[in-house]
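*Asks:* Below is a structure I'd like to ask you about.
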Amino acid sequence: MSEKKHSKAYEAALCGISCAVAAGGLALGLLSGYFVATGYLIAITALMVPLSKKMYLGDFLAYIGTCILAVVLGAAVQFWDLVPFAIFFGLHPLVNALQLKFKINKWIALPVKALWFDGMLIASYFIIFNGVFGGSVFPEEFYKTVNDYVYLFVFTLGTVIFVAYDFLIFRVQQTLNKIIFRVIK
């Protein structure tokens with residue numbers, strides 16, 4: 001893939017469109033209550049578009065704009081659902097792109113990113129659930145066990161989930177890069 005330099009107007013337009021799609025998808029997902037994961041996926045994928053053209057600063061600004069616009073578009077009502085995106089999911093594709101750009105060893109980057117992911121899970125546990133996970137779907141003993149061993153669950157199961165997620169996000173970015181290379185010259 002060639003390293004074609006685009007104008008600032010082109011970069012601003014591409015990043016602006018990416019931000020608008022990401023913010024709209026994220027806001028709709030958060031406001032629906034049922035499509036939060038879908039909103040996250042739309043936002044993450046939209047924020048990957050500038051990265052396919054190596055627009056790192058533009059992508060970071062699109063991420064900031066996405067978070068702000070999602071709040072303005074109504075996510076302030078469900079702000080706690082935006083926390084994982086703001087702490088981790090919105091920045092993760094950019095960190096992966098910078099990892100590749102600066103040729104950071106994947107075996108060094110993976111544990112650092114896994115700790116970041118696990119930290120986001122712990123922060124979300126306290127921000128979203130006030131440190132007490134509960135519900136009526138499972139027996140009370142299940143929730144008690146989860147609350148008693150939350151750190152063990154996060155640092156084992158969370159890390160395993162992250163490794164799979166990181167692998168998939170790298171693959172999605174590679175696929176998106178090929179599509180964007182063919183579509184946007």
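By order of appearance in the structure tokens: chains A, B, ..., then residues from 1 within every chain, and ligands from 1 in the order shown.
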Determine, counting only C-alpha atoms, which protein, DNA and RNA residues have an atom within 6 Å of an atom of Cys15 (chain A); residues of the same chain fewer than 6 positions away are not included. Present the result as a PDB file with N, CA and C atoms, in the first residue's frame.
*Replies:*
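So out_31.pdb came out as:
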```
ATOM      1  N   PRO A  50      -9.904   6.330   9.725  1.00  0.00           N
ATOM      2  CA  PRO A  50      -8.730   7.211   9.587  1.00  0.00           C
ATOM      3  C   PRO A  50      -7.404   6.468   9.799  1.00  0.00           C
ATOM      4  N   GLY A  58      -5.654  12.689  13.647  1.00  0.00           N
ATOM      5  CA  GLY A  58      -7.059  12.846  13.259  1.00  0.00           C
ATOM      6  C   GLY A  58      -7.943  11.803  13.909  1.00  0.00           C
ATOM      7  N   ALA A  62     -10.944  12.444  16.455  1.00  0.00           N
ATOM      8  CA  ALA A  62     -12.262  11.859  16.167  1.00  0.00           C
ATOM      9  C   ALA A  62     -12.773  11.089  17.383  1.00  0.00           C
TER      10      ALA A  62
END
```
*Asks:* Can you list every residue in chain A that DSSP puts in alpha helix (DSSP H), as a PyMOL selection string?
*Replies:* chain A and resi 8-32+36-52+56-72+79-84+92-101+106-129+140-148+150-153+159-183
*Asks:* Show me, as CSV, the residues of region 142-181 of chain A having an atom within 10 Å of region 40-45 of chain A, each with the closest atom pair and its distance in Å, using only C-alpha atoms.
*Replies:*
```
residue,atom,partner,partner_atom,distance
A:Ile169,CA,A:Thr45,CA,9.1
A:Val172,CA,A:Thr45,CA,8.1
A:Gln173,CA,A:Thr45,CA,8.1
A:Leu176,CA,A:Thr45,CA,8.4
```
*Asks:* Create the file for the chosen residues now, containing C-alpha atoms and written as a tab-separated table (two decimals), in the first residue's frame.
*Replies:*
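Here's the written file selection-v1.tsv:
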```
chain	number	residue	atom	x	y	z
A	169	ILE	CA	-9.45	-6.13	16.25
A	172	VAL	CA	-10.73	-6.23	11.44
A	173	GLN	CA	-8.23	-3.38	10.93
A	176	LEU	CA	-10.74	-2.55	6.70
```
*Asks:* Pick the closest to Leu110 (chain A) from A:Ala164, A:Leu28, A:Val154, A:Leu51: which is it, counting only C-alpha atoms?
*Replies:*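 The shortest atom-to-atom distance to Leu110 (chain A) comes from A:Ala164.
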*Asks:* So how far away is CA of Gly90 (chain A) from CA of Phe129 (chain A), in Å?
*Replies:*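 Between CA of Phe129 (chain A) and CA of Gly90 (chain A) the gap works out to 21.0 Å.
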*Asks:* Might you pull out every residue within 9 Å of Tyr151 (chain A), with only C-alpha atoms counted and same-chain residues fewer than 5 positions away left off, and present them as a ChimeraX atom specification?
*Replies:* /A:118,122,146,156
*Asks:* Can you write just those residues out, N, CA and C atoms, as a PDB file, in the first residue's frame?
*Replies:*
```pdb
ATOM      1  N   ASP A 118      -7.952  -4.977  31.738  1.00  0.00           N
ATOM      2  CA  ASP A 118      -8.385  -5.438  33.058  1.00  0.00           C
ATOM      3  C   ASP A 118      -8.655  -4.257  33.990  1.00  0.00           C
ATOM      4  N   ILE A 122     -12.156  -3.359  35.964  1.00  0.00           N
ATOM      5  CA  ILE A 122     -12.250  -3.051  37.400  1.00  0.00           C
ATOM      6  C   ILE A 122     -12.892  -1.681  37.601  1.00  0.00           C
ATOM      7  N   VAL A 146     -19.098 -13.956  42.473  1.00  0.00           N
ATOM      8  CA  VAL A 146     -18.482 -12.991  41.553  1.00  0.00           C
ATOM      9  C   VAL A 146     -17.946 -11.793  42.320  1.00  0.00           C
ATOM     10  N   THR A 156      -8.143 -13.218  35.132  1.00  0.00           N
ATOM     11  CA  THR A 156      -8.006 -14.481  34.401  1.00  0.00           C
ATOM     12  C   THR A 156      -8.929 -14.473  33.181  1.00  0.00           C
TER      13      THR A 156
END
```
*Asks:* Let me make sure I understand: among A:Phe133, A:Phe117, A:Phe162, A:Tyr10, which one has the smallest atom-to-atom distance to Lys53 (chain A) if we use only C-alpha atoms?
*Replies:*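 Looking at the shortest contact to Lys53 (chain A), the residue is A:Tyr10.
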*Asks:* Set out as CSV a contact list for region 46-97 of chain A and region 32-36 of chain A with a cut-off of 10 Å, giving each residue of region 46-97 of chain A that qualifies its closest atom pair and distance in Å to one decimal, counting only C-alpha atoms, ordered by chain and rising residue number.
*Replies:*
```
residue,atom,partner,partner_atom,distance
A:Gln78,CA,A:Gly33,CA,8.6
A:Asp81,CA,A:Val36,CA,7.8
A:Leu82,CA,A:Val36,CA,9.1
```
*Asks:* For the residues in the current selection, export all heavy atoms as a tab-separated table (two decimals), in the first residue's frame.
*Replies:*
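File written: selection02.tsv
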```
chain	number	residue	atom	x	y	z
A	78	GLN	N	-27.14	7.84	30.16
A	78	GLN	CA	-26.55	6.52	30.41
A	78	GLN	C	-25.02	6.62	30.41
A	78	GLN	O	-24.33	5.76	29.87
A	78	GLN	CB	-26.98	5.54	29.31
A	78	GLN	CG	-28.44	5.35	29.17
A	78	GLN	CD	-28.95	4.30	30.13
A	78	GLN	OE1	-28.20	3.62	30.79
A	78	GLN	NE2	-30.26	4.19	30.23
A	81	ASP	N	-22.52	3.74	30.83
A	81	ASP	CA	-22.34	2.80	29.73
A	81	ASP	C	-21.29	3.28	28.73
A	81	ASP	O	-20.78	2.50	27.94
A	81	ASP	CB	-23.65	2.55	29.00
A	81	ASP	CG	-24.62	1.69	29.80
A	81	ASP	OD1	-24.16	1.01	30.74
A	81	ASP	OD2	-25.82	1.72	29.52
A	82	LEU	N	-20.97	4.57	28.77
A	82	LEU	CA	-19.95	5.15	27.90
A	82	LEU	C	-18.55	4.98	28.48
A	82	LEU	O	-17.56	5.05	27.76
A	82	LEU	CB	-20.25	6.64	27.66
A	82	LEU	CG	-19.35	7.42	26.74
A	82	LEU	CD1	-19.40	6.84	25.33
A	82	LEU	CD2	-19.75	8.88	26.71
```
*Asks:* With only C-alpha atoms as the atoms that count, which of A:Ala9, A:Leu26, A:Val183, A:Met48 lies nearest to Phe85 (chain A)?
*Replies:* A:Leu26
*Asks:* Nearest to His6 (chain A) among A:Leu47, A:Leu168, A:Leu98, A:Ile184, with distances taken over only C-alpha atoms: which residue is it?
*Replies:* A:Ile184
*Asks:* In terms of the shortest atom-to-atom distance over only C-alpha atoms, which of A:Tyr56, A:Phe181, A:Tyr143, A:Trp80 is closest to Ile127 (chain A)?
*Replies:*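 Counting only C-alpha atoms, the residue closest to Ile127 (chain A) is A:Trp80.
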*Asks:* Could you please determine the separation between CA of Cys19 (chain A) and CA of Met120 (chain A) in Å, to one decimal place?
*Replies:*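 Pair CA of Cys19 (chain A) / CA of Met120 (chain A) returns 22.5 Å.
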